[in-house]
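Student: Take this structure, written in structure tokens, and hold onto it; I'll ask about it next.
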Amino acid sequence: MASLNVSSAPVVLFLTCGAAMATKENDQIIKENHCETKMGLPCVLEAFRSIFEIGGISNKCCGELVGLGKVCHSALVKRTLENPLFKDLSPARIIAKSIQTWNNCLALIDSPSPST
């Protein structure tokens with residue numbers, strides 16, 4: 001039994017270091033790209049609800065989300081998932097909703113306006 005603990009220690013250490021490295025990497029991306037200053041608070045909350053809870057996102061906030069950029073969007077979602085408050089959420093489901101929200105907003109912003 002002691003050998004099991006000794007052999008599993010490097011795995012635990014590796015996983016712990018990997019999580020810490022991922023956090024530092026996301027934090028660095030967010031800092032270097034000034035991600036936290038690119039969206040207004042109302043749109044941040046709306047985007048958060050559409051990804052982490054239930055709800056839609058307005059055209060205005062889609063514009064701000066696309067303006068934020070995919071790199072910032074992904075890093076912010078990943079960093080939020082690393083927060084212990086969200087440990088009970090399914091990362092795969094959240095990432096899927098994040099991608100869906102991004103793609104929907106991108107399509108909305110890229111689509112031509114209807115003629116009046």
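Residues in the structure tokens are numbered from 1 in each chain, the chains being A, B, ... in the order shown, and ligands are numbered from 1 in the order shown.
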Can you tell me which residues surround segment 37-53 of chain A at a distance of at most 8 Å, considering only C-alpha atoms, apart from same-chain residues fewer than 5 positions away, and format the answer as an NGL selection string?
Tutor: :A and (58 or 60-61 or 64-65 or 67-68 or 94 or 97-98 or 101)
Student: Per DSSP on the backbone, filter segment 12-111 of chain A down to the residues in alpha helix (DSSP H) and report them as a PyMOL selection string.
Tutor: chain A and resi 12-32+41-52+59-68+70-82+91-110
Student: For the atom pair atom CA of Ile57 of chain A and atom CA of Gln28 of chain A, what is the interatomic distance in Å to one decimal place?
Tutor: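 One can read the atom CA of Ile57 of chain A to atom CA of Gln28 of chain A distance as 27.1 Å.
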Student: Tell me, as a count of residues only, which residues lie within 10 Å of segment 72-82 of chain A, counting only C-alpha atoms; anything in the same chain fewer than 4 positions away does not count.
Tutor: 37
Student: Using only C-alpha atoms, which residue out of A:Lys70, A:Ala92, A:Gly63, A:Pro84 lies closest to Ser111 of chain A?
Tutor: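 Of A:Lys70, A:Ala92, A:Gly63, A:Pro84, the one nearest Ser111 of chain A is A:Gly63, counting only C-alpha atoms.
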Student: Rounded to one decimal place, report the atom CA of Ala107 of chain A-atom CA of Asn59 of chain A distance in Å.
Tutor: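 Between these atoms lies a distance of 10.9 Å.
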